[in-house]
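The file work.cif comes next; it holds mmCIF, C-alpha atoms.
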data_coords
loop_
_atom_site.label_atom_id
_atom_site.label_comp_id
_atom_site.auth_asym_id
_atom_site.auth_seq_id
_atom_site.Cartn_x
_atom_site.Cartn_y
_atom_site.Cartn_z
CA MET A 1 115.71 -1.90 205.31
CA THR A 2 112.72 -1.20 207.51
CA THR A 3 110.08 1.45 207.02
CA ASP A 4 111.77 3.51 209.77
CA THR A 5 114.86 4.16 207.68
CA PRO A 6 115.01 7.45 205.74
CA ARG A 7 113.49 7.43 202.31
CA ALA A 8 115.91 7.76 199.47
CA THR A 9 114.01 10.69 198.04
CA ASP A 10 114.48 12.65 201.26
CA ALA A 11 118.27 12.69 201.12
CA PRO A 12 120.48 15.05 199.14
CA TRP A 13 123.00 12.37 198.30
CA THR A 14 120.48 10.53 196.15
CA THR A 15 120.69 13.16 193.45
CA VAL A 16 123.37 10.88 192.00
CA THR A 17 121.85 7.46 191.40
CA PRO A 18 124.17 4.70 192.62
CA ARG A 19 125.30 2.41 189.83
CA THR A 20 125.08 -1.34 190.20
CA THR A 21 128.21 -3.40 189.83
CA ASP A 22 126.97 -4.51 186.42
CA ALA A 23 126.44 -1.00 185.06
CA PRO A 24 129.13 0.58 182.85
CA LYS A 25 131.22 3.21 184.64
CA ALA A 26 131.91 6.64 183.22
CA THR A 27 135.64 6.01 183.64
CA ASP A 28 135.54 2.82 181.54
CA ALA A 29 137.07 3.36 178.12
CA PRO A 30 137.46 0.84 175.33
CA ARG A 31 140.81 -0.89 175.52
CA ALA A 32 142.51 -3.05 172.98
CA PRO A 33 142.26 -6.78 173.69
CA GLY A 34 145.00 -8.05 175.94
CA THR A 35 145.94 -4.64 177.40
CA ALA A 36 145.86 -4.05 181.17
CA PRO A 37 143.69 -1.29 182.68
CA ARG A 38 145.57 1.87 183.37
CA GLU A 39 146.38 2.71 186.99
CA ALA A 40 144.35 5.92 186.75
CA ASP A 41 141.27 3.94 185.72
CA ALA A 42 141.70 1.61 188.68
CA ASP A 43 142.00 4.55 191.10
CA ALA A 44 138.91 6.23 189.63
CA ASP A 45 136.94 2.99 189.95
CA ALA A 46 138.03 2.61 193.56
CA ARG A 47 136.95 6.18 194.38
CA ALA A 48 133.60 5.67 192.66
CA ASP A 49 133.01 2.45 194.61
CA ALA A 50 133.92 4.14 197.90
CA GLU A 51 131.56 7.03 197.20
CA ARG A 52 128.76 4.65 196.26
CA LEU A 53 129.21 2.71 199.52
CA ARG A 54 129.29 5.97 201.50
CA ARG A 55 125.97 7.06 200.01
CA TRP A 56 124.35 3.70 200.64
CA ARG A 57 125.62 3.80 204.21
CA LEU A 58 124.03 7.21 204.77
CA VAL A 59 120.77 6.08 203.18
CA LEU A 60 120.54 2.76 205.05
CA GLY A 61 121.60 3.90 208.50
CA GLY A 62 121.67 1.06 211.00
CA GLU A 63 124.29 -0.28 213.36
CA GLN A 64 127.94 -0.24 212.35
CA ALA A 65 128.05 -0.13 208.54
CA ASP A 66 124.82 -2.03 207.81
CA GLY A 67 126.74 -4.52 205.71
CA THR A 68 128.46 -1.93 203.51
CA GLY A 69 131.80 -2.11 205.29
CA CYS A 70 131.92 1.71 205.20
CA ALA A 71 132.70 3.64 208.40
CA LEU A 72 131.58 7.27 208.71
CA VAL A 73 133.81 9.98 210.13
CA GLY A 74 133.75 13.74 210.50
CA ARG A 75 130.92 15.53 208.66
CA ASP A 76 129.44 12.24 207.43
CA ALA A 77 129.18 10.96 211.00
CA ALA A 78 127.45 14.20 212.07
CA MET A 79 124.98 13.88 209.17
CA ASP A 80 124.28 10.29 210.18
CA THR A 81 123.64 11.36 213.76
CA ALA A 82 121.11 13.98 212.63
CA LEU A 83 119.34 11.41 210.44
CA THR A 84 119.35 8.80 213.20
CA ALA A 85 117.71 11.23 215.62
CA LEU A 86 114.75 11.48 213.27
CA TYR A 87 114.60 8.20 211.36
CA GLY A 88 116.19 5.75 213.81
CA LYS A 89 114.02 3.00 215.27
CA GLN A 90 112.12 4.26 218.27
CA ASP A 91 112.24 2.38 221.54
CA ARG A 92 109.15 0.20 221.18
CA GLY A 93 110.56 -3.04 222.50
CA GLY A 94 111.82 -4.28 219.12
CA LYS A 95 115.13 -4.41 217.31
CA GLY A 96 116.86 -1.48 215.66
CA ALA A 97 116.90 -0.86 211.99
CA GLY A 98 120.07 -2.83 211.57
CA GLY A 99 118.73 -5.90 213.37
CA GLY A 100 121.18 -5.56 216.26
CA ARG A 101 120.94 -3.64 219.47
CA GLU A 102 118.59 -0.67 219.67
CA ARG A 103 119.90 2.52 218.09
CA ALA A 104 119.62 5.69 220.08
CA ALA A 105 116.94 7.78 218.41
CA GLY A 106 114.79 10.80 219.10
CA LEU A 107 115.30 14.48 219.71
CA GLY A 108 114.32 14.55 223.34
CA GLY A 109 111.50 16.62 224.72
CA SER A 110 113.28 19.93 225.14
CA VAL A 111 113.52 23.01 222.99
CA PRO A 112 117.34 23.27 223.23
CA SER A 113 117.92 19.76 221.87
CA VAL A 114 115.44 20.30 219.02
CA ALA A 115 116.90 23.72 218.23
CA ARG A 116 120.39 22.20 218.06
CA TRP A 117 119.12 19.48 215.74
CA LEU A 118 117.43 22.05 213.52
CA GLY A 119 120.69 23.96 213.33
CA ASP A 120 122.57 20.79 212.42
CA ILE A 121 120.30 19.80 209.54
CA ARG A 122 120.45 23.32 208.13
CA THR A 123 124.24 23.02 208.19
CA TYR A 124 124.40 19.63 206.46
CA PHE A 125 121.44 19.61 204.07
CA PRO A 126 119.93 21.94 201.42
CA SER A 127 116.79 23.91 202.21
CA SER A 128 114.41 21.59 200.30
CA VAL A 129 115.61 18.58 202.32
CA VAL A 130 115.49 20.53 205.59
CA GLN A 131 111.81 21.28 204.98
CA VAL A 132 111.07 17.58 204.38
CA MET A 133 112.91 16.57 207.56
CA GLN A 134 111.09 19.21 209.60
CA ARG A 135 107.71 17.92 208.43
CA ASP A 136 108.78 14.35 209.20
CA ALA A 137 109.93 15.40 212.68
CA ILE A 138 106.54 16.97 213.42
CA ASP A 139 104.68 13.90 212.12
CA ARG A 140 106.92 11.15 213.54
CA LEU A 141 108.07 12.62 216.84
CA GLY A 142 105.10 14.78 217.79
CA LEU A 143 106.95 18.08 218.02
CA ASP A 144 103.87 20.23 217.52
CA ALA A 145 103.91 21.40 221.13
CA LEU A 146 107.50 22.60 220.83
CA LEU A 147 106.47 24.95 218.03
CA LEU A 148 104.80 26.99 220.76
CA GLU A 149 108.29 28.07 221.88
CA PRO A 150 109.82 31.22 220.28
CA GLU A 151 113.31 29.65 220.32
CA MET A 152 112.03 26.76 218.25
CA LEU A 153 110.34 29.00 215.67
CA GLU A 154 113.47 31.08 215.22
CA ALA A 155 115.42 27.92 214.28
CA VAL A 156 113.06 26.37 211.73
CA GLU A 157 113.19 26.64 207.94
CA ALA A 158 109.89 28.35 207.11
CA ASP A 159 107.68 26.99 204.32
CA VAL A 160 104.00 26.63 203.43
CA HIS A 161 103.60 23.42 205.44
CA LEU A 162 105.09 25.00 208.57
CA VAL A 163 102.67 27.92 208.17
CA GLY A 164 99.79 25.44 208.06
CA THR A 165 101.01 23.80 211.27
CA LEU A 166 101.37 27.17 213.00
CA LEU A 167 97.88 28.23 211.97
CA SER A 168 96.45 25.04 213.47
CA LEU A 169 98.26 25.81 216.75
CA HIS A 170 97.94 29.57 216.99
CA GLN A 171 94.90 29.53 219.28
CA ALA A 172 97.02 27.75 221.90
CA MET A 173 100.07 30.01 221.52
CA PRO A 174 101.16 32.38 224.28
CA GLU A 175 101.46 35.99 223.19
CA THR A 176 105.27 35.97 222.94
CA THR A 177 105.17 32.96 220.62
CA ARG A 178 102.33 34.42 218.58
CA ARG A 179 104.49 37.43 217.70
CA THR A 180 107.30 35.15 216.55
CA ALA A 181 104.83 33.00 214.63
CA ARG A 182 103.47 36.03 212.79
CA ALA A 183 107.01 36.98 211.78
CA VAL A 184 107.59 33.45 210.41
CA VAL A 185 104.27 33.48 208.53
CA ARG A 186 104.95 36.95 207.13
CA LYS A 187 108.30 35.85 205.73
CA VAL A 188 106.68 32.92 203.89
CA VAL A 189 103.82 35.09 202.61
CA GLU A 190 106.18 37.79 201.32
CA ASP A 191 108.25 35.16 199.50
CA LEU A 192 105.09 33.75 197.90
CA GLU A 193 103.90 37.21 196.84
CA LYS A 194 107.25 37.90 195.16
CA ARG A 195 106.96 34.62 193.29
CA LEU A 196 103.30 34.89 192.24
CA ALA A 197 102.09 38.48 192.21
CA SER A 198 103.61 39.91 189.02
CA ARG A 199 102.63 37.00 186.81
CA THR A 200 99.11 36.88 188.25
CA ARG A 201 98.49 40.58 187.66
CA ALA A 202 99.89 40.46 184.12
CA THR A 203 97.89 37.37 183.16
CA LEU A 204 94.59 38.61 184.57
CA THR A 205 95.02 42.14 183.23
CA GLY A 206 95.41 40.66 179.75
CA ALA A 207 92.32 38.51 180.29
CA LEU A 208 90.30 41.52 181.43
CA ASP A 209 91.40 43.52 178.41
CA ARG A 210 90.42 40.73 176.04
CA SER A 211 87.06 40.27 177.75
CA ALA A 212 86.14 43.93 177.15
CA ARG A 213 84.95 43.82 173.50
CA ILE A 214 84.57 47.04 171.51
CA GLY A 215 83.01 47.73 168.08
CA ARG A 216 85.54 50.23 166.64
CA PRO A 217 88.93 48.82 167.54
CA ARG A 218 92.31 49.98 166.38
CA HIS A 219 94.05 47.55 164.04
CA ARG A 220 96.24 46.07 166.77
CA ASP A 221 93.16 45.49 168.96
CA ILE A 222 91.09 43.55 166.40
CA ASP A 223 89.95 40.12 167.56
CA TRP A 224 90.13 38.39 164.18
CA ASN A 225 88.47 35.14 165.26
CA ARG A 226 85.37 36.94 166.52
CA THR A 227 85.41 39.38 163.62
CA ILE A 228 85.36 36.56 161.06
CA ALA A 229 82.62 34.73 162.95
CA ALA A 230 80.51 37.91 163.07
CA ASN A 231 80.87 38.51 159.31
CA LEU A 232 80.43 35.04 157.82
CA LYS A 233 77.19 36.17 156.17
CA HIS A 234 79.31 38.55 154.10
CA TYR A 235 81.39 35.78 152.57
CA LEU A 236 82.13 36.31 148.85
CA PRO A 237 82.63 32.88 147.24
CA GLU A 238 84.01 34.28 143.98
CA HIS A 239 86.79 35.98 145.92
CA ARG A 240 86.95 33.33 148.66
CA THR A 241 87.03 35.99 151.33
CA VAL A 242 84.92 37.58 154.05
CA VAL A 243 84.10 41.27 153.96
CA PRO A 244 84.49 42.49 157.57
CA GLU A 245 81.68 45.03 157.72
CA ARG A 246 81.71 44.88 161.53
CA LEU A 247 84.96 44.74 163.47
CA VAL A 248 85.15 43.14 166.91
CA GLY A 249 88.11 44.13 169.04
CA TYR A 250 89.67 43.85 172.41
CA GLY A 251 89.03 46.70 174.73
CA ARG A 252 91.29 48.01 177.41
CA ALA A 253 90.03 47.30 180.91
CA ALA A 254 89.03 50.54 182.52
CA ARG A 255 89.79 51.33 186.11
CA SER A 256 86.22 50.67 187.11
CA VAL A 257 85.32 47.21 188.34
CA LYS A 258 84.70 44.83 185.43
CA LYS A 259 84.58 41.44 187.14
CA GLU A 260 83.82 40.02 190.56
CA ILE A 261 85.75 37.08 192.02
CA VAL A 262 84.65 35.01 195.00
CA LEU A 263 87.19 32.65 196.57
CA CYS A 264 85.34 30.12 198.75
CA VAL A 265 87.96 28.17 200.68
CA ASP A 266 87.58 25.03 202.77
CA GLN A 267 89.59 25.47 205.99
CA SER A 268 89.44 21.87 207.18
CA GLY A 269 92.79 20.52 208.37
CA SER A 270 93.65 18.74 205.12
CA MET A 271 93.42 22.01 203.16
CA ALA A 272 96.13 23.94 205.06
CA ALA A 273 98.44 24.61 202.09
CA SER A 274 95.45 25.63 199.94
CA VAL A 275 94.37 28.16 202.57
CA VAL A 276 97.84 29.73 202.57
CA TYR A 277 98.00 30.05 198.78
CA ALA A 278 94.38 31.23 198.50
CA SER A 279 95.09 34.00 201.02
CA VAL A 280 98.09 35.19 199.03
CA PHE A 281 96.17 35.13 195.74
CA GLY A 282 93.24 36.86 197.42
CA ALA A 283 95.51 39.71 198.49
CA VAL A 284 97.00 39.98 194.98
CA LEU A 285 93.55 40.03 193.34
CA ALA A 286 92.30 42.60 195.86
CA SER A 287 95.10 44.93 194.76
CA MET A 288 93.72 45.01 191.18
CA ARG A 289 91.24 47.81 190.53
CA SER A 290 89.47 46.02 187.70
CA VAL A 291 88.20 43.18 189.88
CA SER A 292 86.28 43.05 193.12
CA THR A 293 87.50 40.15 195.27
CA ARG A 294 85.74 38.43 198.14
CA LEU A 295 87.40 35.77 200.32
CA VAL A 296 85.17 33.39 202.28
CA VAL A 297 86.53 30.56 204.44
CA PHE A 298 84.42 27.84 205.96
CA ASP A 299 84.22 24.66 207.98
CA THR A 300 80.83 24.12 209.57
CA SER A 301 80.59 27.90 209.92
CA VAL A 302 81.31 30.63 207.39
CA VAL A 303 83.66 33.60 207.85
CA ASP A 304 84.00 36.47 205.38
CA LEU A 305 87.61 37.77 205.50
CA THR A 306 87.27 40.25 202.63
CA ASP A 307 87.95 43.29 204.81
CA GLN A 308 91.34 41.83 205.78
CA LEU A 309 92.59 41.16 202.25
CA ASP A 310 95.04 44.05 202.34
CA ASP A 311 97.19 41.90 204.66
CA PRO A 312 97.25 38.14 203.92
CA VAL A 313 98.90 37.48 207.29
CA ASP A 314 95.81 38.87 209.02
CA VAL A 315 93.72 36.67 206.74
CA LEU A 316 95.67 33.56 207.69
CA PHE A 317 95.42 34.26 211.40
CA GLY A 318 91.70 34.81 210.91
CA THR A 319 91.27 31.22 209.74
CA ARG A 320 90.66 28.24 212.00
CA LEU A 321 92.09 25.08 210.50
CA GLY A 322 90.32 21.86 211.41
CA GLY A 323 86.73 20.94 212.14
CA GLY A 324 83.96 19.72 209.88
CA THR A 325 82.78 20.90 206.48
CA ASP A 326 79.52 22.45 205.27
CA ILE A 327 80.03 23.42 201.63
CA ASN A 328 76.33 24.07 201.08
CA ARG A 329 76.20 26.72 203.79
CA ALA A 330 79.32 28.43 202.43
CA LEU A 331 77.95 28.49 198.88
CA ALA A 332 74.63 29.83 200.14
CA TYR A 333 76.49 32.77 201.69
CA CYS A 334 78.50 33.38 198.52
CA GLN A 335 75.37 33.19 196.37
CA SER A 336 73.66 35.81 198.54
CA ARG A 337 76.52 38.26 197.86
CA ILE A 338 76.46 37.95 194.06
CA THR A 339 74.89 40.99 192.37
CA ARG A 340 76.16 40.58 188.79
CA PRO A 341 76.15 36.85 188.05
CA THR A 342 77.24 37.14 184.41
CA GLU A 343 80.33 39.09 185.53
CA THR A 344 81.17 36.86 188.50
CA VAL A 345 83.64 34.00 188.93
CA VAL A 346 83.23 31.70 191.95
CA VAL A 347 86.20 29.50 192.85
CA LEU A 348 85.42 26.71 195.31
CA ILE A 349 88.62 25.29 196.83
CA SER A 350 87.69 22.09 198.66
CA ASP A 351 88.27 18.34 198.74
CA LEU A 352 84.44 18.10 198.48
CA TYR A 353 83.92 15.99 201.61
CA GLU A 354 80.54 17.52 202.36
CA GLY A 355 79.13 17.38 205.86
CA GLY A 356 76.07 19.42 204.95
CA ILE A 357 73.23 18.71 202.54
CA ARG A 358 74.69 17.20 199.37
CA ASP A 359 71.67 17.62 197.08
CA GLU A 360 71.18 21.21 198.17
CA MET A 361 74.84 21.94 197.45
CA LEU A 362 74.54 20.59 193.92
CA LYS A 363 71.28 22.45 193.27
CA ARG A 364 72.93 25.66 194.45
CA VAL A 365 75.90 25.19 192.14
CA ALA A 366 73.55 24.45 189.22
CA ALA A 367 71.51 27.57 189.97
CA MET A 368 74.59 29.78 190.04
CA LYS A 369 75.85 28.34 186.78
CA ALA A 370 72.43 28.79 185.14
CA SER A 371 72.40 32.45 186.19
CA GLY A 372 75.66 33.06 184.32
CA VAL A 373 78.24 32.60 187.08
CA GLN A 374 81.54 31.07 185.97
CA PHE A 375 82.09 28.30 188.53
CA VAL A 376 85.46 26.62 189.10
CA THR A 377 86.20 23.80 191.56
CA LEU A 378 89.75 23.18 192.77
CA LEU A 379 90.38 20.07 194.86
CA ALA A 380 93.58 21.68 196.08
CA LEU A 381 95.62 24.80 195.45
CA SER A 382 99.09 23.53 196.31
CA ASP A 383 102.28 22.00 194.94
CA GLU A 384 101.47 18.53 196.24
CA GLY A 385 99.24 17.29 193.41
CA THR A 386 95.77 15.77 193.71
CA PRO A 387 94.76 15.02 197.32
CA ALA A 388 92.19 12.58 198.63
CA TYR A 389 88.76 13.90 197.63
CA ASP A 390 85.12 12.85 197.37
CA ARG A 391 84.94 11.29 193.91
CA GLU A 392 81.14 11.03 193.93
CA HIS A 393 80.75 14.77 194.45
CA ALA A 394 83.44 15.51 191.86
CA ALA A 395 81.58 13.35 189.32
CA ALA A 396 78.30 15.11 190.14
CA LEU A 397 79.91 18.51 189.52
CA ALA A 398 81.42 17.25 186.26
CA ALA A 399 77.91 16.23 185.16
CA LEU A 400 76.95 19.88 185.62
CA GLY A 401 79.81 20.92 183.33
CA ILE A 402 82.10 21.89 186.20
CA PRO A 403 85.31 19.83 186.23
CA ALA A 404 87.02 19.41 189.60
CA PHE A 405 90.80 19.23 189.59
CA ALA A 406 93.87 20.04 191.66
CA CYS A 407 95.79 23.16 190.67
CA THR A 408 99.33 24.28 191.40
CA PRO A 409 99.90 27.94 192.32
CA ASP A 410 101.83 28.49 189.08
CA HIS A 411 98.83 27.28 187.02
CA PHE A 412 96.23 29.29 188.95
CA PRO A 413 96.58 32.55 186.93
CA GLU A 414 95.79 30.68 183.68
CA VAL A 415 92.75 29.08 185.28
CA MET A 416 91.46 32.46 186.44
CA ALA A 417 92.19 34.10 183.07
CA ALA A 418 90.14 31.45 181.27
CA ALA A 419 87.25 31.88 183.71
CA LEU A 420 87.29 35.68 183.30
CA GLU A 421 87.21 35.32 179.52
CA LYS A 422 84.46 32.67 179.73
CA ARG A 423 86.43 30.12 177.78
CA PRO A 424 87.10 26.49 178.74
CA VAL A 425 89.23 26.19 181.86
CA PRO A 426 92.62 24.55 181.12
CA VAL A 427 92.48 21.40 183.23
CA PRO A 428 96.01 20.10 183.87
CA HIS A 429 96.57 16.47 182.92
CA PRO A 430 97.91 14.28 185.74
CA SER A 431 101.53 13.39 185.18
#
Transcribe the structure of this file into structure tokens.
Amino acid sequence: MTTDTPRATDAPWTTVTPRTTDAPKATDAPRAPGTAPREADADADARADAERLRRWRLVLGGEQADGTGCALVGRDAAMDTALTALYGKQDRGGKGAGGGRERAAGLGGSVPSVARWLGDIRTYFPSSVVQVMQRDAIDRLGLDALLLEPEMLEAVEADVHLVGTLLSLHQAMPETTRRTARAVVRKVVEDLEKRLASRTRATLTGALDRSARIGRPRHRDIDWNRTIAANLKHYLPEHRTVVPERLVGYGRAARSVKKEIVLCVDQSGSMAASVVYASVFGAVLASMRSVSTRLVVFDTSVVDLTDQLDDPVDVLFGTRLGGGTDINRALAYCQSRITRPTETVVVLISDLYEGGIRDEMLKRVAAMKASGVQFVTLLALSDEGTPAYDREHAAALAALGIPAFACTPDHFPEVMAAALEKRPVPVPHPS
């Protein structure tokens, strides 16, 4: 199997792991010595073998049956055709994936053929697999230009990665396509808000309440850990107890602004998914009265998109994916806007590949931290895990007491809650 064949993890049929001929079969049952297998067992074994060969045939592709002896018909043949169009060996003067004559591959250069293919894969595969195949089609077959066509956009399965691709292309889009693209982006953004908004608001509201300490709390609002710590001098050894002369409790966050949050987001091409998620979170945070939220995006220039936070789609179309990176300049801008450092959280979302002045960047971070700013560095805000990043810069930040780590959107509310409460940030352990 060559590298041009589809990966097993990309195909829905691999949810059932094929058994080897040596593995015990579910239909095998202990039989007394000397007895013949029942006819039903033999039929079940034959069906299991046929299904296993069918799945391997779909995974392997290639000419004829690729050595499996399994011919595809009907729906299976249509699925194989859709896979071959994307993963078949391209015409580069070599042999096909099966070692025989060249397989026909490719989607052609027209919108109708691509739109038909997109319709086919949505018919035959689940949504999660469709999204993988779409990304592979853009990467392998160079279909970026076709995304400038409204007909193409109406046929795709929208996800965060498609939004990132559209944002990188939107400057080149004609007006008719731009309207369609905004509709696609809005659908993804609304889905993300439904998934993330309620939990984010609930988590951060609790954190804001707990961070507002009061001296005469009601019983249910007493912070016992802080109360005990504040009254240790009143310990009575004969009774082995502490007399709580001063109670420390949780307050209830008032409607006035208690905390300020600055999201400083790298908009270089590798950070596309992070930009999408940061824009959604920025809009959610901006809707909370107890925090003041600022969103700053940067490459070699710096753009403040705070006044557009009421609509994350406007925020996304205000970004410009690609270009270089000047973290120092972006942090200088953010630092100039901080008026209450002890009540401010700065979240830098970047892979830390600095194109500006490294030493100045680190000095600026150290100065903000020394002034009381809670500083958090996220190498990515996405579902993909830890990306490539500048390890030297990450180590330098860690030496300042600022760990740098990748964060999934589901974990982000806990990270922000910890920062607002000024307690250690929960750094996820790599799996």
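Atom pair atom CA of A:Leu381 / atom CA of A:Glu154 has a distance of 27.4 Å (rounded to one decimal).
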Radius query 7 Å about (83.8, 31.1, 192.1), atoms used: all atoms listed in the file, as a PDB file with C-alpha atoms, in the coordinates of the input:
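File point.pdb, as written:
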ATOM      1  CA  ILE A 261      85.750  37.080 192.020  1.00  0.00           C
ATOM      2  CA  VAL A 262      84.650  35.010 195.000  1.00  0.00           C
ATOM      3  CA  LEU A 263      87.190  32.650 196.570  1.00  0.00           C
ATOM      4  CA  CYS A 264      85.340  30.120 198.750  1.00  0.00           C
ATOM      5  CA  VAL A 345      83.640  34.000 188.930  1.00  0.00           C
ATOM      6  CA  VAL A 346      83.230  31.700 191.950  1.00  0.00           C
ATOM      7  CA  VAL A 347      86.200  29.500 192.850  1.00  0.00           C
ATOM      8  CA  LEU A 348      85.420  26.710 195.310  1.00  0.00           C
ATOM      9  CA  GLN A 374      81.540  31.070 185.970  1.00  0.00           C
ATOM     10  CA  PHE A 375      82.090  28.300 188.530  1.00  0.00           C
ATOM     11  CA  VAL A 376      85.460  26.620 189.100  1.00  0.00           C
TER      12      VAL A 376
END
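Closest approach to A:Ala367 among A:Leu400, A:Ala330, A:Met152, A:Leu295: A:Leu400, based on all atoms listed in the file.
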Expand the PyMOL selection byres ((chain A and resi 288) around 12) into the explicit residue set it covers here, and present it as a PDB file with C-alpha atoms, keeping the file's coordinate frame.
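Below is the file that was written, selection_16.pdb:
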ATOM      1  CA  ALA A 197     102.090  38.480 192.210  1.00  0.00           C
ATOM      2  CA  SER A 198     103.610  39.910 189.020  1.00  0.00           C
ATOM      3  CA  THR A 200      99.110  36.880 188.250  1.00  0.00           C
ATOM      4  CA  ARG A 201      98.490  40.580 187.660  1.00  0.00           C
ATOM      5  CA  ALA A 202      99.890  40.460 184.120  1.00  0.00           C
ATOM      6  CA  THR A 203      97.890  37.370 183.160  1.00  0.00           C
ATOM      7  CA  LEU A 204      94.590  38.610 184.570  1.00  0.00           C
ATOM      8  CA  THR A 205      95.020  42.140 183.230  1.00  0.00           C
ATOM      9  CA  LEU A 208      90.300  41.520 181.430  1.00  0.00           C
ATOM     10  CA  ALA A 253      90.030  47.300 180.910  1.00  0.00           C
ATOM     11  CA  ALA A 254      89.030  50.540 182.520  1.00  0.00           C
ATOM     12  CA  ARG A 255      89.790  51.330 186.110  1.00  0.00           C
ATOM     13  CA  SER A 256      86.220  50.670 187.110  1.00  0.00           C
ATOM     14  CA  VAL A 257      85.320  47.210 188.340  1.00  0.00           C
ATOM     15  CA  LYS A 258      84.700  44.830 185.430  1.00  0.00           C
ATOM     16  CA  LYS A 259      84.580  41.440 187.140  1.00  0.00           C
ATOM     17  CA  GLU A 260      83.820  40.020 190.560  1.00  0.00           C
ATOM     18  CA  ILE A 261      85.750  37.080 192.020  1.00  0.00           C
ATOM     19  CA  PHE A 281      96.170  35.130 195.740  1.00  0.00           C
ATOM     20  CA  GLY A 282      93.240  36.860 197.420  1.00  0.00           C
ATOM     21  CA  ALA A 283      95.510  39.710 198.490  1.00  0.00           C
ATOM     22  CA  VAL A 284      97.000  39.980 194.980  1.00  0.00           C
ATOM     23  CA  LEU A 285      93.550  40.030 193.340  1.00  0.00           C
ATOM     24  CA  ALA A 286      92.300  42.600 195.860  1.00  0.00           C
ATOM     25  CA  SER A 287      95.100  44.930 194.760  1.00  0.00           C
ATOM     26  CA  ARG A 289      91.240  47.810 190.530  1.00  0.00           C
ATOM     27  CA  SER A 290      89.470  46.020 187.700  1.00  0.00           C
ATOM     28  CA  VAL A 291      88.200  43.180 189.880  1.00  0.00           C
ATOM     29  CA  SER A 292      86.280  43.050 193.120  1.00  0.00           C
ATOM     30  CA  THR A 293      87.500  40.150 195.270  1.00  0.00           C
ATOM     31  CA  LEU A 309      92.590  41.160 202.250  1.00  0.00           C
ATOM     32  CA  ASP A 310      95.040  44.050 202.340  1.00  0.00           C
TER      33      ASP A 310
END
Q: Find the residue from A:Val302, A:Ala332, A:Ala418, A:Val265 that sits nearest to A:Asp351; use all atoms listed in the file when measuring.
A: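 Between A:Val302, A:Ala332, A:Ala418, A:Val265, the residue approaching A:Asp351 most closely is A:Val265.
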Q | Contacts of A:Ala406 within 6 Å, only C-alpha atoms, excl. fewer than 3 positions in-chain, as a count of residues only | A | 4
For stretch 162-168 of chain A: contacts at 6 Å, only C-alpha atoms, fewer than 2 positions along chain excluded, given as an mmCIF file with C-alpha atoms, keeping the file's coordinate frame:
data_model
loop_
_atom_site.group_PDB
_atom_site.id
_atom_site.type_symbol
_atom_site.label_atom_id
_atom_site.label_comp_id
_atom_site.auth_asym_id
_atom_site.auth_seq_id
_atom_site.Cartn_x
_atom_site.Cartn_y
_atom_site.Cartn_z
ATOM 1 C CA ASP A 159 107.680 26.990 204.320
ATOM 2 C CA VAL A 160 104.000 26.630 203.430
ATOM 3 C CA HIS A 170 97.940 29.570 216.990
ATOM 4 C CA VAL A 185 104.270 33.480 208.530
ATOM 5 C CA ALA A 272 96.130 23.940 205.060
ATOM 6 C CA LEU A 321 92.090 25.080 210.500
#
Q: In Å, rounded to a single decimal, give me how far atom CA of A:Thr319 is from atom CA of A:Glu175.
A: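 We find that atom CA of A:Glu175 and atom CA of A:Thr319 lie 17.5 Å from each other.
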Q) How many Å separate atom CA of A:Arg364 from atom CA of A:Ala394? A) 14.8 Å
**Q.** Residue nearest A:Lys194 among A:Ala370, A:Asp307, A:Gly401, A:Val280 (counting only C-alpha atoms)
**A.** A:Val280
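Among the candidates A:Gly142, A:Ala155, A:Thr377, A:Glu51, the one nearest to A:Val130 when counting all atoms listed in the file is A:Ala155.
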